[in-house]
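Engineer: My file is input_32.cif. It has mmCIF, C-alpha atoms:
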```cif
data_coords
#
loop_
_atom_site.group_PDB
_atom_site.id
_atom_site.type_symbol
_atom_site.label_atom_id
_atom_site.label_comp_id
_atom_site.auth_asym_id
_atom_site.auth_seq_id
_atom_site.Cartn_x
_atom_site.Cartn_y
_atom_site.Cartn_z
ATOM 1 C CA MET N 1443 2.916 -6.296 11.700
ATOM 2 C CA LYS N 1444 2.027 -4.595 14.959
ATOM 3 C CA LEU N 1445 -1.257 -2.753 15.359
ATOM 4 C CA LYS N 1446 -1.388 -0.089 18.058
ATOM 5 C CA LEU N 1447 -4.827 -0.007 19.656
ATOM 6 C CA ALA N 1448 -6.631 1.735 22.476
ATOM 7 C CA ASP N 1449 -9.827 -0.301 22.601
ATOM 8 C CA LYS N 1450 -11.716 -0.915 25.804
ATOM 9 C CA ILE N 1451 -12.109 -4.656 26.304
ATOM 10 C CA LEU N 1452 -15.725 -4.266 27.369
ATOM 11 C CA THR N 1453 -16.559 -2.121 24.323
ATOM 12 C CA ALA N 1454 -19.239 -4.525 23.118
ATOM 13 C CA ASN N 1455 -21.033 -4.585 26.455
ATOM 14 C CA GLU N 1456 -20.787 -0.820 26.821
ATOM 15 C CA ARG N 1457 -22.209 -0.262 23.338
ATOM 16 C CA ILE N 1458 -25.242 -2.433 24.134
ATOM 17 C CA ALA N 1459 -25.569 -0.733 27.535
ATOM 18 C CA GLU N 1460 -25.676 2.654 25.782
ATOM 19 C CA GLY N 1461 -28.414 1.294 23.490
ATOM 20 C CA ASN N 1462 -30.401 0.131 26.516
ATOM 21 C CA ARG N 1463 -29.907 3.541 28.075
ATOM 22 C CA ARG N 1464 -31.289 5.260 24.975
ATOM 23 C CA SER N 1465 -34.367 3.002 25.042
ATOM 24 C CA PHE N 1466 -34.927 3.819 28.733
ATOM 25 C CA ASP N 1467 -34.460 7.550 28.147
ATOM 26 C CA GLU N 1468 -36.914 7.567 25.223
ATOM 27 C CA LYS N 1469 -39.558 5.975 27.431
ATOM 28 C CA GLY N 1470 -38.692 8.110 30.455
ATOM 29 C CA ILE N 1471 -37.720 5.104 32.584
ATOM 30 C CA PHE N 1472 -35.371 5.452 35.551
ATOM 31 C CA VAL N 1473 -33.347 2.275 36.154
ATOM 32 C CA ILE N 1474 -31.847 1.028 39.421
ATOM 33 C CA ASN N 1475 -29.370 -1.878 39.294
ATOM 34 C CA LEU N 1476 -29.502 -3.681 42.671
ATOM 35 C CA ILE N 1477 -26.316 -5.545 43.581
ATOM 36 C CA SER N 1478 -25.482 -7.664 46.630
ATOM 37 C CA SER N 1479 -24.088 -11.014 47.637
ATOM 38 C CA PRO N 1480 -26.468 -14.018 47.768
ATOM 39 C CA GLY N 1481 -28.782 -13.897 50.745
ATOM 40 C CA ALA N 1482 -28.400 -10.202 51.535
ATOM 41 C CA GLY N 1483 -32.157 -9.887 51.097
ATOM 42 C CA LYS N 1484 -32.460 -8.230 47.683
ATOM 43 C CA THR N 1485 -35.805 -9.768 46.775
ATOM 44 C CA THR N 1486 -37.364 -9.229 50.210
ATOM 45 C CA LEU N 1487 -36.152 -5.648 50.144
ATOM 46 C CA LEU N 1488 -37.603 -5.221 46.689
ATOM 47 C CA GLU N 1489 -40.957 -6.606 47.855
ATOM 48 C CA THR N 1490 -41.018 -4.225 50.820
ATOM 49 C CA THR N 1491 -39.909 -1.312 48.642
ATOM 50 C CA ILE N 1492 -42.709 -2.043 46.156
ATOM 51 C CA LYS N 1493 -45.270 -2.171 48.972
ATOM 52 C CA THR N 1494 -43.937 1.055 50.511
ATOM 53 C CA LEU N 1495 -44.030 2.847 47.164
ATOM 54 C CA GLY N 1496 -47.651 1.738 46.959
ATOM 55 C CA GLY N 1497 -49.352 2.706 43.730
ATOM 56 C CA ASP N 1498 -47.422 5.993 43.540
ATOM 57 C CA VAL N 1499 -44.960 4.930 40.866
ATOM 58 C CA ARG N 1500 -45.441 2.677 37.835
ATOM 59 C CA LEU N 1501 -42.918 -0.114 38.329
ATOM 60 C CA GLY N 1502 -41.219 -2.910 36.453
ATOM 61 C CA VAL N 1503 -38.703 -5.520 37.572
ATOM 62 C CA ILE N 1504 -36.055 -7.631 35.843
ATOM 63 C CA GLU N 1505 -34.893 -10.542 37.983
ATOM 64 C CA GLY N 1506 -31.465 -12.042 37.349
ATOM 65 C CA ASP N 1507 -30.588 -15.462 38.727
ATOM 66 C CA ILE N 1508 -28.387 -18.305 37.627
ATOM 67 C CA MET N 1509 -31.484 -20.504 37.585
ATOM 68 C CA GLY N 1510 -35.039 -20.663 38.900
ATOM 69 C CA THR N 1511 -38.094 -18.415 38.792
ATOM 70 C CA ASP N 1512 -38.860 -18.050 42.529
ATOM 71 C CA ASP N 1513 -37.910 -14.382 42.644
ATOM 72 C CA ALA N 1514 -40.004 -13.424 39.624
ATOM 73 C CA GLU N 1515 -43.001 -15.277 41.084
ATOM 74 C CA ARG N 1516 -42.672 -13.306 44.310
ATOM 75 C CA ILE N 1517 -42.707 -9.996 42.403
ATOM 76 C CA ASP N 1518 -45.512 -11.178 40.116
ATOM 77 C CA ARG N 1519 -47.714 -11.798 43.179
ATOM 78 C CA LEU N 1520 -47.468 -8.055 43.925
ATOM 79 C CA GLY N 1521 -48.964 -7.264 40.521
ATOM 80 C CA VAL N 1522 -45.781 -5.690 39.145
ATOM 81 C CA PRO N 1523 -44.643 -6.549 35.588
ATOM 82 C CA VAL N 1524 -41.589 -8.786 35.891
ATOM 83 C CA VAL N 1525 -39.224 -10.720 33.626
ATOM 84 C CA GLN N 1526 -36.908 -13.448 34.867
ATOM 85 C CA ILE N 1527 -33.473 -13.844 33.283
ATOM 86 C CA ASN N 1528 -31.682 -17.124 33.957
ATOM 87 C CA THR N 1529 -28.002 -16.683 33.177
ATOM 88 C CA GLY N 1530 -27.454 -20.451 33.172
ATOM 89 C CA GLY N 1531 -24.189 -20.193 35.060
ATOM 90 C CA ALA N 1532 -22.938 -16.669 34.456
ATOM 91 C CA CYS N 1533 -22.230 -14.821 37.686
ATOM 92 C CA HIS N 1534 -23.581 -11.438 36.529
ATOM 93 C CA LEU N 1535 -26.064 -9.849 34.137
ATOM 94 C CA ASP N 1536 -24.664 -8.168 31.049
ATOM 95 C CA ALA N 1537 -26.172 -5.524 28.789
ATOM 96 C CA GLY N 1538 -27.106 -8.033 26.068
ATOM 97 C CA MET N 1539 -29.221 -10.081 28.468
ATOM 98 C CA ILE N 1540 -31.155 -6.931 29.363
ATOM 99 C CA SER N 1541 -31.721 -5.829 25.757
ATOM 100 C CA ASP N 1542 -32.967 -9.355 24.917
ATOM 101 C CA VAL N 1543 -35.845 -9.159 27.417
ATOM 102 C CA LEU N 1544 -36.854 -5.497 27.133
ATOM 103 C CA GLY N 1545 -39.577 -6.406 24.632
ATOM 104 C CA GLU N 1546 -41.270 -8.548 27.271
ATOM 105 C CA LEU N 1547 -41.939 -5.573 29.553
ATOM 106 C CA PRO N 1548 -44.678 -2.945 29.040
ATOM 107 C CA LEU N 1549 -42.090 -0.155 28.774
ATOM 108 C CA ASP N 1550 -44.698 2.528 28.017
ATOM 109 C CA ASP N 1551 -46.258 1.889 31.415
ATOM 110 C CA ILE N 1552 -43.069 1.882 33.488
ATOM 111 C CA ARG N 1553 -41.483 4.887 35.232
ATOM 112 C CA LEU N 1554 -39.099 3.011 37.527
ATOM 113 C CA LEU N 1555 -37.372 -0.247 36.623
ATOM 114 C CA PHE N 1556 -35.495 -2.316 39.184
ATOM 115 C CA ILE N 1557 -32.926 -4.782 37.887
ATOM 116 C CA GLU N 1558 -32.063 -7.353 40.549
ATOM 117 C CA ASN N 1559 -28.619 -8.588 39.575
ATOM 118 C CA VAL N 1560 -27.268 -12.091 40.204
ATOM 119 C CA GLY N 1561 -26.233 -12.448 43.851
ATOM 120 C CA ASN N 1562 -22.529 -11.594 43.751
ATOM 121 C CA LEU N 1563 -20.557 -8.692 45.171
ATOM 122 C CA VAL N 1564 -17.725 -8.877 42.626
ATOM 123 C CA CYS N 1565 -18.632 -9.453 38.999
ATOM 124 C CA PRO N 1566 -21.827 -7.379 38.480
ATOM 125 C CA ALA N 1567 -19.901 -4.207 39.390
ATOM 126 C CA GLU N 1568 -17.929 -4.428 36.144
ATOM 127 C CA PHE N 1569 -20.821 -4.752 33.668
ATOM 128 C CA LYS N 1570 -22.901 -1.712 32.802
ATOM 129 C CA LEU N 1571 -26.501 -2.573 31.930
ATOM 130 C CA GLY N 1572 -27.725 0.884 30.925
ATOM 131 C CA GLU N 1573 -28.878 1.748 34.449
ATOM 132 C CA ASP N 1574 -29.062 5.245 35.932
ATOM 133 C CA VAL N 1575 -27.676 4.162 39.289
ATOM 134 C CA LYS N 1576 -26.266 1.112 40.999
ATOM 135 C CA VAL N 1577 -27.378 0.466 44.564
ATOM 136 C CA ALA N 1578 -25.394 -1.934 46.749
ATOM 137 C CA ILE N 1579 -27.008 -3.908 49.546
ATOM 138 C CA LEU N 1580 -24.855 -5.229 52.365
ATOM 139 C CA SER N 1581 -26.628 -7.205 55.064
ATOM 140 C CA LEU N 1582 -25.374 -6.840 58.598
ATOM 141 C CA THR N 1583 -24.635 -10.564 58.914
ATOM 142 C CA GLU N 1584 -21.968 -10.300 56.198
ATOM 143 C CA GLY N 1585 -19.708 -8.364 58.559
ATOM 144 C CA HIS N 1586 -18.079 -4.944 58.665
ATOM 145 C CA ASP N 1587 -14.986 -5.904 56.662
ATOM 146 C CA LYS N 1588 -16.775 -6.119 53.316
ATOM 147 C CA PRO N 1589 -16.277 -2.598 51.887
ATOM 148 C CA LEU N 1590 -12.496 -3.006 52.013
ATOM 149 C CA LYS N 1591 -12.631 -6.558 50.648
ATOM 150 C CA TYR N 1592 -14.924 -5.711 47.729
ATOM 151 C CA PRO N 1593 -14.130 -2.041 47.071
ATOM 152 C CA ILE N 1594 -15.319 -1.733 43.474
ATOM 153 C CA ILE N 1595 -19.009 -2.174 44.146
ATOM 154 C CA PHE N 1596 -18.903 0.447 46.912
ATOM 155 C CA GLN N 1597 -17.077 2.858 44.588
ATOM 156 C CA GLU N 1598 -19.551 2.298 41.761
ATOM 157 C CA SER N 1599 -22.780 2.583 43.763
ATOM 158 C CA ARG N 1600 -24.769 5.765 44.295
ATOM 159 C CA ALA N 1601 -26.273 4.327 47.490
ATOM 160 C CA LEU N 1602 -25.552 1.618 50.041
ATOM 161 C CA LEU N 1603 -28.350 -0.100 51.933
ATOM 162 C CA ILE N 1604 -27.136 -1.731 55.147
ATOM 163 C CA SER N 1605 -29.890 -4.301 55.461
ATOM 164 C CA LYS N 1606 -31.168 -6.554 58.269
ATOM 165 C CA ILE N 1607 -30.358 -3.670 60.635
ATOM 166 C CA ASP N 1608 -32.866 -5.175 63.108
ATOM 167 C CA LEU N 1609 -30.160 -7.772 63.915
ATOM 168 C CA LYS N 1610 -27.782 -5.096 65.229
ATOM 169 C CA PRO N 1611 -28.391 -5.877 68.936
ATOM 170 C CA VAL N 1612 -27.419 -9.545 68.546
ATOM 171 C CA LEU N 1613 -24.402 -9.142 66.239
ATOM 172 C CA ASP N 1614 -20.897 -7.869 66.933
ATOM 173 C CA VAL N 1615 -20.847 -5.871 63.742
ATOM 174 C CA ASP N 1616 -19.454 -2.345 63.657
ATOM 175 C CA VAL N 1617 -21.976 -0.442 61.545
ATOM 176 C CA GLU N 1618 -19.987 2.782 61.858
ATOM 177 C CA LYS N 1619 -16.942 1.056 60.321
ATOM 178 C CA ILE N 1620 -19.020 -0.063 57.341
ATOM 179 C CA LYS N 1621 -20.184 3.525 56.838
ATOM 180 C CA ARG N 1622 -16.728 5.015 57.381
ATOM 181 C CA ASP N 1623 -15.016 2.636 54.939
ATOM 182 C CA ALA N 1624 -17.758 2.973 52.322
ATOM 183 C CA ARG N 1625 -17.477 6.783 52.509
ATOM 184 C CA SER N 1626 -13.679 6.622 52.256
ATOM 185 C CA LEU N 1627 -14.051 4.596 49.067
ATOM 186 C CA ASN N 1628 -16.848 6.806 47.776
ATOM 187 C CA PRO N 1629 -17.323 10.140 49.574
ATOM 188 C CA SER N 1630 -20.674 10.878 47.908
ATOM 189 C CA ILE N 1631 -22.348 7.516 48.600
ATOM 190 C CA GLU N 1632 -25.773 7.728 50.290
ATOM 191 C CA ILE N 1633 -26.130 5.251 53.140
ATOM 192 C CA PHE N 1634 -29.385 3.906 54.532
ATOM 193 C CA GLU N 1635 -29.694 1.552 57.503
ATOM 194 C CA ILE N 1636 -32.701 -0.509 56.672
ATOM 195 C CA SER N 1637 -34.805 -3.496 57.706
ATOM 196 C CA SER N 1638 -37.394 -5.148 55.513
ATOM 197 C CA LYS N 1639 -38.680 -6.920 58.610
ATOM 198 C CA THR N 1640 -39.341 -3.937 60.892
ATOM 199 C CA GLY N 1641 -39.607 -1.295 58.194
ATOM 200 C CA GLU N 1642 -36.800 0.763 59.763
ATOM 201 C CA GLY N 1643 -35.207 3.123 57.238
ATOM 202 C CA MET N 1644 -37.669 2.125 54.528
ATOM 203 C CA GLY N 1645 -39.258 5.585 54.482
ATOM 204 C CA GLN N 1646 -35.948 7.390 53.864
ATOM 205 C CA TRP N 1647 -34.909 4.933 51.146
ATOM 206 C CA VAL N 1648 -38.229 5.257 49.324
ATOM 207 C CA GLN N 1649 -38.123 9.046 49.699
ATOM 208 C CA TRP N 1650 -34.628 9.034 48.155
ATOM 209 C CA ILE N 1651 -35.934 7.018 45.192
ATOM 210 C CA LYS N 1652 -38.851 9.436 44.749
ATOM 211 C CA THR N 1653 -36.444 12.382 44.753
ATOM 212 C CA LEU N 1654 -34.315 10.703 42.077
ATOM 213 C CA ILE N 1655 -37.256 10.169 39.735
ATOM 214 C CA SER N 1656 -39.130 13.418 40.400
ATOM 215 C CA MET C 1013 -15.204 -15.760 37.513
ATOM 216 C CA HIS C 1014 -16.347 -12.885 35.302
ATOM 217 C CA GLU C 1015 -12.943 -13.065 33.607
ATOM 218 C CA LEU C 1016 -14.427 -15.571 31.138
ATOM 219 C CA SER C 1017 -16.934 -12.973 29.923
ATOM 220 C CA ILE C 1018 -14.179 -10.392 29.758
ATOM 221 C CA ALA C 1019 -11.964 -12.831 27.814
ATOM 222 C CA GLN C 1020 -14.859 -13.378 25.383
ATOM 223 C CA SER C 1021 -15.201 -9.641 24.912
ATOM 224 C CA LEU C 1022 -11.454 -9.244 24.476
ATOM 225 C CA LEU C 1023 -11.428 -11.961 21.835
ATOM 226 C CA GLU C 1024 -14.309 -10.295 19.968
ATOM 227 C CA VAL C 1025 -12.578 -6.903 19.959
ATOM 228 C CA ALA C 1026 -9.348 -8.531 18.706
ATOM 229 C CA LEU C 1027 -11.059 -10.559 15.957
ATOM 230 C CA GLU C 1028 -13.004 -7.508 14.814
ATOM 231 C CA ASN C 1029 -9.827 -5.413 14.609
ATOM 232 C CA CYS C 1030 -8.034 -8.185 12.718
ATOM 233 C CA SER C 1031 -10.691 -8.699 10.053
ATOM 234 C CA SER C 1032 -11.711 -5.047 9.640
ATOM 235 C CA LYS C 1033 -8.102 -4.070 8.952
ATOM 236 C CA GLY C 1034 -7.662 -6.856 6.398
ATOM 237 C CA PHE C 1035 -5.468 -9.338 8.279
ATOM 238 C CA SER C 1036 -5.986 -13.074 8.578
ATOM 239 C CA ARG C 1037 -4.196 -14.182 11.743
ATOM 240 C CA ILE C 1038 -3.349 -12.851 15.204
ATOM 241 C CA GLY C 1039 0.102 -13.624 16.657
ATOM 242 C CA SER C 1040 -0.116 -11.879 19.987
ATOM 243 C CA ILE C 1041 -2.282 -9.477 21.958
ATOM 244 C CA LYS C 1042 -1.187 -7.015 24.612
ATOM 245 C CA VAL C 1043 -3.660 -5.842 27.213
ATOM 246 C CA VAL C 1044 -3.411 -3.407 30.095
ATOM 247 C CA ILE C 1045 -5.282 -4.335 33.264
ATOM 248 C CA GLY C 1046 -5.551 -1.930 36.172
ATOM 249 C CA ARG C 1047 -5.007 -3.450 39.587
ATOM 250 C CA ALA C 1048 -8.288 -1.955 40.775
ATOM 251 C CA SER C 1049 -10.265 -3.270 37.804
ATOM 252 C CA GLY C 1050 -11.331 -6.408 39.641
ATOM 253 C CA VAL C 1051 -9.855 -8.637 36.940
ATOM 254 C CA MET C 1052 -7.300 -11.327 37.745
ATOM 255 C CA SER C 1053 -4.669 -11.693 35.034
ATOM 256 C CA ASP C 1054 -4.259 -15.459 35.430
ATOM 257 C CA ALA C 1055 -7.991 -16.070 35.158
ATOM 258 C CA LEU C 1056 -8.198 -13.805 32.115
ATOM 259 C CA ILE C 1057 -5.371 -15.673 30.341
ATOM 260 C CA PHE C 1058 -6.951 -19.021 31.250
ATOM 261 C CA GLY C 1059 -10.299 -17.875 29.842
ATOM 262 C CA PHE C 1060 -8.741 -16.458 26.697
ATOM 263 C CA ASN C 1061 -6.828 -19.673 25.981
ATOM 264 C CA ALA C 1062 -10.007 -21.701 26.432
ATOM 265 C CA LEU C 1063 -11.957 -19.521 23.992
ATOM 266 C CA LYS C 1064 -9.418 -18.840 21.215
ATOM 267 C CA ASP C 1065 -9.502 -22.330 19.622
ATOM 268 C CA GLY C 1066 -11.051 -22.374 16.183
ATOM 269 C CA THR C 1067 -10.545 -18.638 15.633
ATOM 270 C CA VAL C 1068 -7.820 -16.713 13.789
ATOM 271 C CA ALA C 1069 -6.395 -16.048 17.252
ATOM 272 C CA SER C 1070 -5.930 -19.751 18.029
ATOM 273 C CA GLU C 1071 -2.133 -19.341 18.184
ATOM 274 C CA ALA C 1072 -2.179 -15.940 19.839
ATOM 275 C CA ALA C 1073 -0.370 -15.343 23.105
ATOM 276 C CA LEU C 1074 -1.985 -12.962 25.556
ATOM 277 C CA GLU C 1075 0.398 -10.608 27.350
ATOM 278 C CA VAL C 1076 -0.978 -8.789 30.353
ATOM 279 C CA GLU C 1077 0.565 -5.612 31.728
ATOM 280 C CA GLU C 1078 -0.754 -4.791 35.198
ATOM 281 C CA VAL C 1079 -1.055 -1.127 36.094
ATOM 282 C CA PRO C 1080 -0.890 -0.043 39.733
ATOM 283 C CA VAL C 1081 -3.370 2.352 41.273
ATOM 284 C CA SER C 1082 -2.189 5.951 41.232
ATOM 285 C CA GLY C 1083 -3.742 9.250 42.125
ATOM 286 C CA HIS C 1084 -3.333 12.902 42.973
ATOM 287 C CA CYS C 1085 -4.024 14.353 46.414
ATOM 288 C CA ASN C 1086 -6.086 17.524 46.346
ATOM 289 C CA ASP C 1087 -4.972 18.418 49.892
ATOM 290 C CA CYS C 1088 -1.165 18.183 49.770
ATOM 291 C CA GLY C 1089 -0.752 18.116 46.008
ATOM 292 C CA ALA C 1090 1.267 14.878 45.975
ATOM 293 C CA ASP C 1091 1.066 12.389 43.131
ATOM 294 C CA PHE C 1092 1.060 8.881 44.564
ATOM 295 C CA THR C 1093 1.167 5.232 43.525
ATOM 296 C CA THR C 1094 0.150 2.315 45.707
ATOM 297 C CA GLU C 1095 0.464 -1.457 45.620
ATOM 298 C CA GLU C 1096 -3.066 -1.771 47.053
ATOM 299 C CA SER C 1097 -6.070 -2.348 44.829
ATOM 300 C CA TYR C 1098 -7.881 0.621 46.362
ATOM 301 C CA VAL C 1099 -7.124 3.979 47.955
ATOM 302 C CA LEU C 1100 -8.767 5.195 51.161
ATOM 303 C CA SER C 1101 -6.661 8.283 51.800
ATOM 304 C CA CYS C 1102 -3.553 10.029 50.492
ATOM 305 C CA PRO C 1103 -0.524 7.894 51.508
ATOM 306 C CA HIS C 1104 1.461 11.106 52.164
ATOM 307 C CA CYS C 1105 -0.827 13.338 54.219
ATOM 308 C CA GLY C 1106 -3.830 11.099 54.926
ATOM 309 C CA GLY C 1107 -6.097 13.548 53.108
ATOM 310 C CA LEU C 1108 -9.485 12.244 51.977
ATOM 311 C CA SER C 1109 -9.814 14.407 48.876
ATOM 312 C CA TYR C 1110 -8.015 12.759 45.996
ATOM 313 C CA THR C 1111 -8.459 11.962 42.325
ATOM 314 C CA ILE C 1112 -7.742 8.475 41.036
ATOM 315 C CA GLY C 1113 -5.567 8.356 37.932
ATOM 316 C CA THR C 1114 -4.624 4.867 36.815
ATOM 317 C CA GLY C 1115 -5.823 1.487 38.066
ATOM 318 C CA ARG C 1116 -9.196 0.838 36.422
ATOM 319 C CA GLU C 1117 -7.933 0.104 32.890
ATOM 320 C CA LEU C 1118 -9.239 -2.790 30.794
ATOM 321 C CA MET C 1119 -7.717 -2.053 27.410
ATOM 322 C CA ILE C 1120 -6.227 -3.740 24.375
ATOM 323 C CA THR C 1121 -3.123 -1.739 23.487
ATOM 324 C CA GLU C 1122 -1.392 -3.752 20.760
ATOM 325 C CA MET C 1123 -1.843 -6.755 18.489
ATOM 326 C CA GLU C 1124 0.596 -8.529 16.221
ATOM 327 C CA VAL C 1125 -1.236 -9.489 13.034
ATOM 328 C CA PHE C 1126 -0.385 -11.267 9.799
#
```
Take the structure I supplied and represent it as structure tokens, if you would.
Structural biologist:
Amino acid sequence: MKLKLADKILTANERIAEGNRRSFDEKGIFVINLISSPGAGKTTLLETTIKTLGGDVRLGVIEGDIMGTDDAERIDRLGVPVVQINTGGACHLDAGMISDVLGELPLDDIRLLFIENVGNLVCPAEFKLGEDVKVAILSLTEGHDKPLKYPIIFQESRALLISKIDLKPVLDVDVEKIKRDARSLNPSIEIFEISSKTGEGMGQWVQWIKTLIS
Amino acid sequence: MHELSIAQSLLEVALENCSSKGFSRIGSIKVVIGRASGVMSDALIFGFNALKDGTVASEAALEVEEVPVSGHCNDCGADFTTEESYVLSCPHCGGLSYTIGTGRELMITEMEVF
């Protein structure tokens, strides 16, 4: 016989994501899911963000990579509690991977949790982790055509960081086009031009985070 | 590449529906995939066929219905449909204020069970 259904295919992931969200809410933790392609500078940006935040906010970090622990070691050196997830091939984090490692973080001592997703501009956009906001990072060297080639992540993100902005003088990249296209896809997206190297834009970005969690 | 995870999830939802409603085998599954969902139908079917072996869905065929992106323009009031996988402005008046209707679906709509 035929069964008529109206089930979301990602029901299982969304259910676990909702569970994660409840755990975060109970502990009063704000969660930012950082998404970019490989090499956009997520970890460097995270390091600079942590240093700029100083001791003002109690932080935690979950690092997602296909393999390796380099990123977690970099965060650990800053004295911030960190857990490394190795997906072993999967191109994105899913909600189950997050719930599996939550017990390894001192949740009672964390106000702001960064989840650094696997470097990939496509797949992570589809999987909710239980975060409050997604933030996309697009480095200037990736080119100005990316918002229209990978629209979903720009539609899903609350903010876009255009990183490595210090390279603007030596690249033929149209920053205004990136901003225009991102805003067409998502009129309410916040956009920050930022450089981990020179510190440009870091103040505004960190201020935005502080406003979100205040 | 994330289609494999989505196929796994799809299979789990189908198996759960089959067993919880007291059936023992799945003959076919219909899914609706929005064109702006970021999921490629071919990759989803490939993933599903790789995962279904050894389950009660091992003989099941996966039928995918693709849904185009549609929306409503808040400026000129037009309802529109596009072949693109995203909308930047109303195709009729170029207005930037619009509401997206269809296009992001990832749903199981029907299963044949025995």
Engineer: Contacts between chain N and chain C, please, where a residue of chain C counts if it comes within 10 Å (with only C-alpha atoms); show its shortest atom pair and distance in Å to one decimal, rows by chain and ascending number, as a tab-separated table.
Structural biologist:
```
residue	atom	partner	partner_atom	distance
C:Met1013	CA	N:Cys1533	CA	7.1
C:His1014	CA	N:Cys1565	CA	5.5
C:Glu1015	CA	N:Cys1565	CA	8.6
C:Leu1016	CA	N:Ala1532	CA	9.2
C:Ser1017	CA	N:Ala1532	CA	8.4
C:Ile1018	CA	N:Leu1452	CA	6.8
C:Ala1019	CA	N:Ile1451	CA	8.3
C:Gln1020	CA	N:Ile1451	CA	9.2
C:Ser1021	CA	N:Leu1452	CA	5.9
C:Leu1022	CA	N:Ile1451	CA	5.0
C:Leu1023	CA	N:Ile1451	CA	8.6
C:Glu1024	CA	N:Ala1454	CA	8.2
C:Val1025	CA	N:Ile1451	CA	6.7
C:Ala1026	CA	N:Ile1451	CA	9.0
C:Asn1029	CA	N:Leu1447	CA	8.9
C:Cys1030	CA	N:Leu1445	CA	9.1
C:Lys1033	CA	N:Leu1445	CA	9.5
C:Phe1035	CA	N:Met1443	CA	9.6
C:Ile1038	CA	N:Met1443	CA	9.7
C:Gly1039	CA	N:Met1443	CA	9.3
C:Ser1040	CA	N:Lys1444	CA	9.1
C:Ile1041	CA	N:Leu1445	CA	9.5
C:Lys1042	CA	N:Leu1447	CA	9.3
C:Val1043	CA	N:Ile1451	CA	8.6
C:Val1044	CA	N:Ile1451	CA	9.6
C:Ile1045	CA	N:Ile1451	CA	9.8
C:Ala1048	CA	N:Ile1594	CA	7.5
C:Ser1049	CA	N:Ile1594	CA	7.7
C:Gly1050	CA	N:Ile1594	CA	7.2
C:Val1051	CA	N:Cys1565	CA	9.1
C:Ser1097	CA	N:Pro1593	CA	8.4
C:Tyr1098	CA	N:Pro1593	CA	6.8
C:Val1099	CA	N:Leu1627	CA	7.0
C:Leu1100	CA	N:Ser1626	CA	5.2
C:Ser1101	CA	N:Ser1626	CA	7.2
C:Leu1108	CA	N:Ser1626	CA	7.0
C:Ser1109	CA	N:Pro1629	CA	8.7
C:Arg1116	CA	N:Ile1594	CA	9.7
C:Glu1117	CA	N:Lys1450	CA	8.1
C:Leu1118	CA	N:Ile1451	CA	5.6
C:Met1119	CA	N:Lys1450	CA	4.5
C:Ile1120	CA	N:Asp1449	CA	5.3
C:Thr1121	CA	N:Leu1447	CA	4.5
C:Glu1122	CA	N:Lys1446	CA	4.6
C:Met1123	CA	N:Leu1445	CA	5.1
C:Glu1124	CA	N:Lys1444	CA	4.4
C:Val1125	CA	N:Met1443	CA	5.4
C:Phe1126	CA	N:Met1443	CA	6.3
```
Engineer: Assuming 8 Å of padding per side, give the centre and edge lengths of the axis-aligned box around every listed atom of stretch 1493-1497 of chain N, in Å to one decimal and as lines of an AutoDock Vina configuration file.
Structural biologist:
```
center_x = -46.6
center_y = 0.3
center_z = 47.1
size_x = 21.4
size_y = 21.0
size_z = 22.8
```
Engineer: Just the number, please: distance in Å from atom CA of N:Arg1457 to atom CA of C:Ser1032, one decimal.
Structural biologist: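 About the pair atom CA of N:Arg1457 and atom CA of C:Ser1032: they are 17.9 Å apart.
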Engineer: Residues picked by the PyMOL selection byres ((chain N and resi 1465) around 12) here, as a PyMOL selection string?
Structural biologist: chain N and resi 1458-1464+1466-1473+1540-1541+1544-1545+1549-1550+1571-1573
Engineer: Quick one: residues within 8 Å of C:His1104, all atoms listed in the file, excluding same-chain residues fewer than 6 positions away - as an mmCIF file with C-alpha atoms, in the frame of the given file?
Structural biologist:
```cif
data_model
loop_
_atom_site.group_PDB
_atom_site.id
_atom_site.type_symbol
_atom_site.label_atom_id
_atom_site.label_comp_id
_atom_site.auth_asym_id
_atom_site.auth_seq_id
_atom_site.Cartn_x
_atom_site.Cartn_y
_atom_site.Cartn_z
ATOM 1 C CA CYS C 1088 -1.165 18.183 49.770
ATOM 2 C CA ALA C 1090 1.267 14.878 45.975
ATOM 3 C CA PHE C 1092 1.060 8.881 44.564
#
```
Engineer: Rounded to one decimal, what separation in Å do you get between atom CA of C:Glu1071 and atom CA of C:Ser1036?
Structural biologist: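 Distance between the two atoms: 12.1 Å.
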Engineer: Using only C-alpha atoms and a cutoff of 9 Å, can you tell me which residues are near (-38.5, -7.9, 46.5) in the file's coordinates, and write them out as an NGL selection string?
Structural biologist: :N and (1483-1492 or 1513-1514 or 1516-1517 or 1558)
Engineer: For atom CA of C:Asp1087 and atom CA of C:Tyr1110, quote the distance in Å rounded to one decimal.
Structural biologist: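 Interatomic distance here is 7.5 Å.
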Engineer: Which neighbours of C:Gly1115 fall inside 6 Å, counting all atoms listed in the file, when residues of the same chain fewer than 5 positions from it are skipped, and could you give them as a PyMOL selection string?
Structural biologist: chain C and resi 1046-1048+1079-1081
Engineer: So, with all atoms listed in the file as the atoms that count, which of N:Glu1456, N:Leu1520, N:Lys1606, N:Ala1601 lies closest to N:Thr1494?
Structural biologist: N:Leu1520
Engineer: Of the candidates N:Ile1655, N:Leu1563, N:Ile1477, N:Ile1508, which shows the shortest atom-to-atom distance to N:Ile1527, using all atoms listed in the file?
Structural biologist: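 Closest candidate: N:Ile1508.
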Engineer: Could you spell out the hits of the PyMOL selection byres ((chain N and resi 1579) around 9) on the shown file, as an MDAnalysis selection string?
Structural biologist: chainID N and resid 1476:1479 1482:1484 1577:1578 1580:1581 1601:1605
Engineer: Ranking N:Glu1505, N:Pro1548, N:Leu1609, N:Met1539 by minimum distance to N:Glu1642 and counting only C-alpha atoms, which one comes first?
Structural biologist: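 Among the listed residues, the smallest separation from N:Glu1642 belongs to N:Leu1609.
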